[in-house]
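Visitor: Shown below is the structure under consideration.
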Number of protein chains: 2
Amino acid sequence: MDINKKALLEHERLKGKIGINVKFPVKNSLDLAIAYTPGVAEPCREIARDRNLAYKYTMKGNSIAVVTDGSRVLGLGNIGAEAALPVMEGKCLLFKQLANIDAFPICIGTQDPEAIIETVKNISPVFGGINLEDIEAPKCFYIEERLKKELDIPVVHDDQHGTATAVLAGLINALKVTKKRIEETKVVINGAGAAGIATANLLLKYGIRNITIIDSSGAIYKGRKEGMNSYKEEISKKTNTCMEKGSLAEIIKGKDVFIGLSAPKVLSTAMVRTMNKPIIFALANPIPEIMPEDAKKGGALVIATGRSDYPNQINNSLCFPGIFRGTLDSRAKKITDEMKIAAAEAIASLIKPTRERIIVGNLDKKVVPAVSKAVYKASFGQNNRNQ
Amino acid sequence: MDINKKALLEHERLKGKIGINVKFPVKNSLDLAIAYTPGVAEPCREIARDRNLAYKYTMKGNSIAVVTDGSRVLGLGNIGAEAALPVMEGKCLLFKQLANIDAFPICIGTQDPEAIIETVKNISPVFGGINLEDIEAPKCFYIEERLKKELDIPVVHDDQHGTATAVLAGLINALKVTKKRIEETKVVINGAGAAGIATANLLLKYGIRNITIIDSSGAIYKGRKEGMNSYKEEISKKTNTCMEKGSLAEIIKGKDVFIGLSAPKVLSTAMVRTMNKPIIFALANPIPEIMPEDAKKGGALVIATGRSDYPNQINNSLCFPGIFRGTLDSRAKKITDEMKIAAAEAIASLIKPTRERIIVGNLDKKVVPAVSKAVYKASFGQNNRNQ
């Protein structure tokens, strides 16, 4: 049976991949008096006195909302809130199973940015963090920015930062096995959506100096007019400092790294041949920018994809459970670049990399403990913690 | 150790009385491909084609939101969203344990009715029903009305309808054991908040014809000017048809039933003495309108309270789990009066009543199956079901 058919049957059988777990079974009227009235009034009174005590007496400190408007789900596009729910349930399942975080799906039935922001703010009292998911660019940037500013709990758009962190983790090892120096490495990022721009920002922060982002209008450079938005304008000031112009085929020449966060089959074997000891991250899902066998023909030294059926799967599930575990444990108010870099370095450090294997497996049990510990540590010393 | 101290310690130990349960543990990459990418795309596509298939492939059909703004929590008043969370967790716990419903707390950080309505509408795609809780009157009426009109899933404010249903269940048996006829019974309801008005409406629907509601300005009658709102005005047209005016002490004379949904110790033994074979439901919590021993001195034949340490506890936990179970099972769009009356009759029928015992225990395992079956049956034949 093929995987789609099997997935459909399992979803029908389960009717929900997650549910509610009762941590205090009520067996008699004493239990009821403790968990419900009249005893429950006591923690209520305490929290009414000091809101922060919600972390002490309720689920808040271990709960996150996985929030989407269904506007850009997987490779399926804008399928709406209800249709996004199976993905969000899957995400919540992984949060619980991998990191023991109680994540609940919030699929929002409006696609208006202001309404999304208001809704998330309004439901935030129950949650210790907000994971934004599958919201289209550029509004995802704006929504995340506003929520980060206006909430005192960590907010992260996983398609941006989970992906950026996973890419950096893979890249650290890819550079190592190809003996390239960070500050001399020339990177092309194909795709200027949520993941592309966030990856550029994190790689810059990590010390990569030469990055060119390409979108459907070609290389993004400072002052370009066509197809821009304020987020592309901002990133154009920090990338492509040589002001290269042109198509992917033109820009890719002589570059060290191709990071594809874009569309199927846009990179050809011929293009790979023009690169310098190529590192290829072809992460479009399910069909990558170039199939691994074709990249190899072009002389690629390291090849990674987003797929589980090829070696070197770069997937944000390596990142989000451990990042949120460490963040919740430290009561950090923000997930900073330092915390993401710490996560990437922790992931990279879990294996002794070779060209054939630059990244640890998604479900490897070492990942979450290593990432959460690193993130926890990196969250200190930045005036970044709630009381 | 007293119950408050014990409750505080248990809440601190648990840090959340509910959490997330994983129904499909991901053990290997095949599991991951089924629960998450790429397999999850298949149910997403199906639901994108027909939103109603969310009931077939996701948690929606068994999930409800327990929604509050924390504006009227237990006897604690307006303590806000965070401080209301322990109560909402308790409610969710009971939904799961008693009726296997996956209920999640949504504590809303605004008390503006329009913002609450918008927020609940925006998060509704994940849920098969909405249980409003501990929202103050009169805005609770307005919020419920609007949401009922604008959502295609059942919406119920439990403080109104759960309470009304529990009162009716108790009253059915109280009338039986005191041999009073429904249509001749004279009822005083003390309290014109959420529970008082909803109880009056349900008793009217059941066939009680003589009901007088009393608030802090005395008996409510048609045309009264002081202390009215649109909801009191509406109920004034259907109750107190004899246009009685005056205080509780004046109105209670000769009446059969006192239903207190108000404040501690407002009913005296002397007042009970003026009644006709008195049935006393003194439901203020934790201190009732009259203590049972004082009601007895006044000649009360049947006495019920909201407390677990006296006989005849009238509590809405008898109702909400089974009502929502039956409603979710039938995919009803609304919870109608017929469904509430069916629930009350089912609860009443579970015991052979005596003056000392008119109502079954809260945690009795017979309650949810009986209520859900009755509600399920009553939901048919009213053009009230989703496909």
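If you're wondering about the labels, chains in the structure tokens are A, B, ... by order shown, residues count from 1 in each chain, ligands from 1 in order shown.
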I'd like to know which residues of segment 113-247 of chain B are strand (DSSP E) (by DSSP, run on the backbone); could you write them as a PyMOL selection string?

Guide: chain B and resi 129-132+155-157+186-190+210-215+218-219

Visitor: Segment 124-200 of chain B: which residues are helix (DSSP H, G or I) by DSSP, as a count of residues only?

Guide: 45

Visitor: What are the residues of chain A that have an atom within 7 Å of an atom of chain B, counting only C-alpha atoms, as JSON, numbers by chain?

Guide: {"A": [3, 4, 6, 7, 8, 11, 12, 15, 16, 17, 18, 19, 20, 21, 22, 23, 24, 34, 35, 36, 39, 40, 42, 43, 44, 45, 47, 48, 51, 54, 56, 57, 58, 59, 79, 81, 82, 83, 84, 85, 86, 87, 90, 93, 96, 102, 103, 106, 107, 108, 109, 110, 119, 122, 123, 125, 126]}

Visitor: Just checking: using only C-alpha atoms, which residue out of A:Thr269, A:Asn384, A:Asn316, A:Ser216 ends up closest to Gly162 of chain A?

Guide: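 Once distances to Gly162 of chain A are computed over only C-alpha atoms, the minimum belongs to A:Asn316.
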
Visitor: Report as a ChimeraX atom specification all protein, DNA and RNA residues lying within 10 Å of segment 354-360 of chain B, evaluated on only C-alpha atoms, omitting residues in the same chain fewer than 2 positions from it.

Guide: /B:166-167,169-178,279,300-304,311-315,318,347-352,362-364,366-367

Visitor: Store the residues of this selection in a file with N, CA, C and O atoms, as a short mmCIF file (atom, residue, chain, number, x, y, z; two decimals), in the first residue's frame.

Guide:
```cif
data_model
loop_
_atom_site.label_atom_id
_atom_site.label_comp_id
_atom_site.auth_asym_id
_atom_site.auth_seq_id
_atom_site.Cartn_x
_atom_site.Cartn_y
_atom_site.Cartn_z
N ALA B 166 -29.30 20.74 35.65
CA ALA B 166 -29.14 20.04 36.94
C ALA B 166 -30.28 20.39 37.89
O ALA B 166 -30.80 19.52 38.60
N VAL B 167 -30.68 21.66 37.90
CA VAL B 167 -31.80 22.07 38.76
C VAL B 167 -33.07 21.34 38.33
O VAL B 167 -33.81 20.80 39.18
N ALA B 169 -33.35 18.50 36.80
CA ALA B 169 -33.24 17.08 37.17
C ALA B 169 -33.65 16.89 38.63
O ALA B 169 -34.44 15.99 38.96
N GLY B 170 -33.11 17.73 39.50
CA GLY B 170 -33.44 17.62 40.92
C GLY B 170 -34.90 17.94 41.18
O GLY B 170 -35.57 17.28 41.99
N LEU B 171 -35.39 18.95 40.47
CA LEU B 171 -36.77 19.40 40.71
C LEU B 171 -37.79 18.34 40.30
O LEU B 171 -38.81 18.14 40.98
N ILE B 172 -37.51 17.66 39.19
CA ILE B 172 -38.42 16.59 38.74
C ILE B 172 -38.66 15.59 39.87
O ILE B 172 -39.80 15.24 40.19
N ASN B 173 -37.56 15.19 40.52
CA ASN B 173 -37.70 14.22 41.61
C ASN B 173 -38.26 14.84 42.89
O ASN B 173 -39.01 14.20 43.63
N ALA B 174 -37.92 16.11 43.14
CA ALA B 174 -38.45 16.78 44.34
C ALA B 174 -39.97 16.92 44.24
O ALA B 174 -40.68 16.72 45.24
N LEU B 175 -40.46 17.25 43.05
CA LEU B 175 -41.91 17.37 42.87
C LEU B 175 -42.57 16.01 43.04
O LEU B 175 -43.64 15.88 43.64
N LYS B 176 -41.90 14.97 42.52
CA LYS B 176 -42.43 13.63 42.62
C LYS B 176 -42.60 13.21 44.09
O LYS B 176 -43.67 12.76 44.49
N VAL B 177 -41.55 13.39 44.89
CA VAL B 177 -41.62 12.90 46.28
C VAL B 177 -42.51 13.77 47.16
O VAL B 177 -42.96 13.33 48.22
N THR B 178 -42.78 15.00 46.75
CA THR B 178 -43.69 15.86 47.54
C THR B 178 -45.08 15.89 46.90
O THR B 178 -45.96 16.63 47.34
N ILE B 279 -39.84 23.14 49.13
CA ILE B 279 -38.69 22.51 48.48
C ILE B 279 -37.63 23.60 48.38
O ILE B 279 -37.87 24.65 47.79
N ALA B 300 -38.88 22.58 55.71
CA ALA B 300 -38.60 22.15 54.34
C ALA B 300 -38.72 20.64 54.22
O ALA B 300 -38.22 19.90 55.07
N LEU B 301 -39.39 20.18 53.15
CA LEU B 301 -39.55 18.75 52.93
C LEU B 301 -38.37 18.17 52.16
O LEU B 301 -37.97 17.03 52.38
N VAL B 302 -37.85 18.96 51.23
CA VAL B 302 -36.70 18.52 50.43
C VAL B 302 -35.68 19.65 50.45
O VAL B 302 -36.03 20.82 50.27
N ILE B 303 -34.42 19.31 50.69
CA ILE B 303 -33.37 20.33 50.73
C ILE B 303 -32.20 19.87 49.86
O ILE B 303 -31.69 18.75 50.03
N ALA B 304 -31.79 20.73 48.96
CA ALA B 304 -30.61 20.46 48.14
C ALA B 304 -29.67 21.65 48.22
O ALA B 304 -30.10 22.78 48.44
N PRO B 311 -26.40 16.10 51.73
CA PRO B 311 -27.12 15.28 50.75
C PRO B 311 -27.64 16.15 49.60
O PRO B 311 -27.76 17.36 49.75
N ASN B 312 -27.96 15.53 48.49
CA ASN B 312 -28.60 16.21 47.35
C ASN B 312 -27.77 17.34 46.78
O ASN B 312 -28.17 18.50 46.77
N GLN B 313 -26.58 17.00 46.27
CA GLN B 313 -25.76 18.01 45.62
C GLN B 313 -26.21 18.22 44.18
O GLN B 313 -26.17 17.30 43.36
N ILE B 314 -26.63 19.45 43.91
CA ILE B 314 -27.04 19.81 42.55
C ILE B 314 -25.85 20.49 41.89
O ILE B 314 -25.51 21.63 42.22
N ASN B 315 -25.18 19.82 40.98
CA ASN B 315 -23.97 20.38 40.38
C ASN B 315 -24.00 20.14 38.88
O ASN B 315 -24.40 19.08 38.42
N LEU B 318 -23.04 17.03 36.73
CA LEU B 318 -23.97 15.95 36.36
C LEU B 318 -24.35 16.03 34.88
O LEU B 318 -24.75 15.03 34.28
N ILE B 347 -31.23 12.04 34.08
CA ILE B 347 -30.58 12.10 35.40
C ILE B 347 -31.59 11.75 36.50
O ILE B 347 -31.31 10.95 37.39
N ALA B 348 -32.78 12.35 36.41
CA ALA B 348 -33.81 12.10 37.43
C ALA B 348 -34.17 10.62 37.50
O ALA B 348 -34.43 10.07 38.58
N SER B 349 -34.16 9.96 36.35
CA SER B 349 -34.63 8.56 36.29
C SER B 349 -33.64 7.56 36.86
O SER B 349 -33.96 6.39 37.01
N LEU B 350 -32.43 8.03 37.19
CA LEU B 350 -31.39 7.08 37.62
C LEU B 350 -31.57 6.58 39.04
O LEU B 350 -30.91 5.63 39.45
N ILE B 351 -32.41 7.25 39.83
CA ILE B 351 -32.66 6.76 41.20
C ILE B 351 -34.16 6.69 41.45
O ILE B 351 -34.95 7.31 40.75
N LYS B 352 -34.50 5.92 42.47
CA LYS B 352 -35.87 5.94 42.98
C LYS B 352 -35.85 6.98 44.09
O LYS B 352 -35.29 6.75 45.17
N ASN B 362 -22.63 12.86 41.74
CA ASN B 362 -21.82 13.45 40.66
C ASN B 362 -20.98 12.47 39.86
O ASN B 362 -20.82 12.60 38.67
N LEU B 363 -20.31 11.57 40.58
CA LEU B 363 -19.34 10.70 39.94
C LEU B 363 -19.91 9.32 39.63
O LEU B 363 -19.19 8.42 39.23
N ASP B 364 -21.22 9.18 39.80
CA ASP B 364 -21.86 7.89 39.51
C ASP B 364 -21.66 7.53 38.03
O ASP B 364 -21.93 8.33 37.15
N LYS B 366 -23.22 5.73 36.08
CA LYS B 366 -24.40 5.59 35.23
C LYS B 366 -24.78 6.90 34.54
O LYS B 366 -25.50 6.91 33.56
N VAL B 367 -24.31 8.02 35.10
CA VAL B 367 -24.81 9.32 34.64
C VAL B 367 -24.49 9.61 33.17
O VAL B 367 -25.39 9.87 32.36
#
```

Visitor: Might you pull out every residue within 7 Å of segment 246-262 of chain A, with only C-alpha atoms counted and same-chain residues fewer than 5 positions away left off, and present them as a PyMOL selection string?

Guide: chain A and resi 185-191+195-196+214+218-219+271+274-284+289

Visitor: Name all residues at most 8 Å from segment 228-240 of chain B (count only C-alpha atoms; drop same-chain ones fewer than 6 positions away) and give them as a PyMOL selection string.

Guide: chain B and resi 138+141+192+197+200-201+209-213+220-222

Visitor: What's the 9 Å shell around segment 330-334 of chain A, counting only C-alpha atoms, without same-chain residues fewer than 3 positions away, as a PyMOL selection string?

Guide: chain A and resi 61+128-129+148+151-156+325-327+375-377+379-380+383-387

Visitor: Go ahead and save the residues from that selection, with N, CA, C and O atoms, as an mmCIF file, in the first residue's frame.

Guide:
```
data_model
loop_
_atom_site.group_PDB
_atom_site.id
_atom_site.type_symbol
_atom_site.label_atom_id
_atom_site.label_comp_id
_atom_site.auth_asym_id
_atom_site.auth_seq_id
_atom_site.Cartn_x
_atom_site.Cartn_y
_atom_site.Cartn_z
ATOM 1 N N GLY A 61 3.360 26.546 31.940
ATOM 2 C CA GLY A 61 4.804 26.476 31.745
ATOM 3 C C GLY A 61 5.273 25.369 30.810
ATOM 4 O O GLY A 61 6.402 25.389 30.334
ATOM 5 N N GLY A 128 2.850 28.802 27.425
ATOM 6 C CA GLY A 128 4.199 29.246 27.761
ATOM 7 C C GLY A 128 4.998 29.633 26.535
ATOM 8 O O GLY A 128 6.118 30.136 26.650
ATOM 9 N N GLY A 129 4.445 29.405 25.348
ATOM 10 C CA GLY A 129 5.133 29.754 24.107
ATOM 11 C C GLY A 129 4.212 29.600 22.918
ATOM 12 O O GLY A 129 3.181 28.930 23.009
ATOM 13 N N LYS A 148 6.194 38.950 18.953
ATOM 14 C CA LYS A 148 7.405 38.987 19.772
ATOM 15 C C LYS A 148 7.445 40.248 20.618
ATOM 16 O O LYS A 148 7.842 40.212 21.782
ATOM 17 N N LEU A 151 4.057 40.164 23.267
ATOM 18 C CA LEU A 151 3.844 39.092 24.246
ATOM 19 C C LEU A 151 5.098 38.899 25.095
ATOM 20 O O LEU A 151 6.218 39.158 24.631
ATOM 21 N N ASP A 152 4.915 38.416 26.312
ATOM 22 C CA ASP A 152 6.077 38.171 27.171
ATOM 23 C C ASP A 152 6.459 36.690 27.202
ATOM 24 O O ASP A 152 7.201 36.243 28.062
ATOM 25 N N ILE A 153 5.916 35.921 26.248
ATOM 26 C CA ILE A 153 6.307 34.514 26.109
ATOM 27 C C ILE A 153 7.017 34.354 24.765
ATOM 28 O O ILE A 153 6.793 35.150 23.855
ATOM 29 N N PRO A 154 7.881 33.330 24.630
ATOM 30 C CA PRO A 154 8.600 33.184 23.364
ATOM 31 C C PRO A 154 7.668 32.865 22.198
ATOM 32 O O PRO A 154 6.740 32.080 22.337
ATOM 33 N N VAL A 155 7.945 33.501 21.072
ATOM 34 C CA VAL A 155 7.172 33.313 19.845
ATOM 35 C C VAL A 155 8.162 32.986 18.741
ATOM 36 O O VAL A 155 9.156 33.697 18.585
ATOM 37 N N VAL A 156 7.901 31.921 18.004
ATOM 38 C CA VAL A 156 8.820 31.603 16.914
ATOM 39 C C VAL A 156 8.047 31.038 15.728
ATOM 40 O O VAL A 156 7.125 30.240 15.897
ATOM 41 N N ARG A 325 11.940 22.973 24.299
ATOM 42 C CA ARG A 325 12.181 22.346 25.611
ATOM 43 C C ARG A 325 13.144 23.211 26.434
ATOM 44 O O ARG A 325 12.882 23.543 27.590
ATOM 45 N N GLY A 326 14.259 23.586 25.813
ATOM 46 C CA GLY A 326 15.247 24.411 26.515
ATOM 47 C C GLY A 326 14.701 25.774 26.891
ATOM 48 O O GLY A 326 14.979 26.300 27.977
ATOM 49 N N THR A 327 13.886 26.324 25.991
ATOM 50 C CA THR A 327 13.324 27.660 26.224
ATOM 51 C C THR A 327 12.307 27.628 27.360
ATOM 52 O O THR A 327 12.309 28.502 28.237
ATOM 53 N N VAL A 375 20.412 25.144 24.321
ATOM 54 C CA VAL A 375 19.521 26.306 24.244
ATOM 55 C C VAL A 375 19.305 26.894 25.636
ATOM 56 O O VAL A 375 19.306 28.114 25.827
ATOM 57 N N TYR A 376 19.103 26.028 26.602
ATOM 58 C CA TYR A 376 18.926 26.460 27.986
ATOM 59 C C TYR A 376 20.112 27.314 28.418
ATOM 60 O O TYR A 376 19.964 28.421 28.931
ATOM 61 N N LYS A 377 21.311 26.797 28.156
ATOM 62 C CA LYS A 377 22.542 27.502 28.529
ATOM 63 C C LYS A 377 22.664 28.846 27.808
ATOM 64 O O LYS A 377 22.996 29.864 28.417
ATOM 65 N N SER A 379 20.427 30.709 26.807
ATOM 66 C CA SER A 379 19.361 31.675 27.114
ATOM 67 C C SER A 379 19.718 32.580 28.281
ATOM 68 O O SER A 379 19.055 33.573 28.536
ATOM 69 N N PHE A 380 20.796 32.257 28.972
ATOM 70 C CA PHE A 380 21.161 33.042 30.149
ATOM 71 C C PHE A 380 21.955 34.282 29.760
ATOM 72 O O PHE A 380 22.449 34.397 28.648
ATOM 73 N N ASN A 383 19.374 39.085 29.850
ATOM 74 C CA ASN A 383 18.177 39.743 30.383
ATOM 75 C C ASN A 383 16.934 39.205 29.685
ATOM 76 O O ASN A 383 16.079 39.942 29.241
ATOM 77 N N ASN A 384 16.888 37.904 29.562
ATOM 78 C CA ASN A 384 15.908 37.239 28.705
ATOM 79 C C ASN A 384 15.031 36.264 29.475
ATOM 80 O O ASN A 384 14.475 35.354 28.907
ATOM 81 N N ARG A 385 14.943 36.425 30.808
ATOM 82 C CA ARG A 385 14.155 35.416 31.508
ATOM 83 C C ARG A 385 13.035 36.015 32.345
ATOM 84 O O ARG A 385 13.198 37.061 32.959
ATOM 85 N N ASN A 386 11.905 35.307 32.330
ATOM 86 C CA ASN A 386 10.819 35.676 33.217
ATOM 87 C C ASN A 386 11.181 35.253 34.624
ATOM 88 O O ASN A 386 12.076 34.447 34.849
ATOM 89 N N GLN A 387 10.451 35.812 35.570
ATOM 90 C CA GLN A 387 10.738 35.458 36.969
ATOM 91 C C GLN A 387 10.113 34.146 37.364
ATOM 92 O O GLN A 387 9.025 33.830 37.074
#
```

Visitor: Grab the atom CA of Val66 of chain B to atom CA of Leu132 of chain B distance for me, in Å with one decimal place.

Guide: 6.0 Å
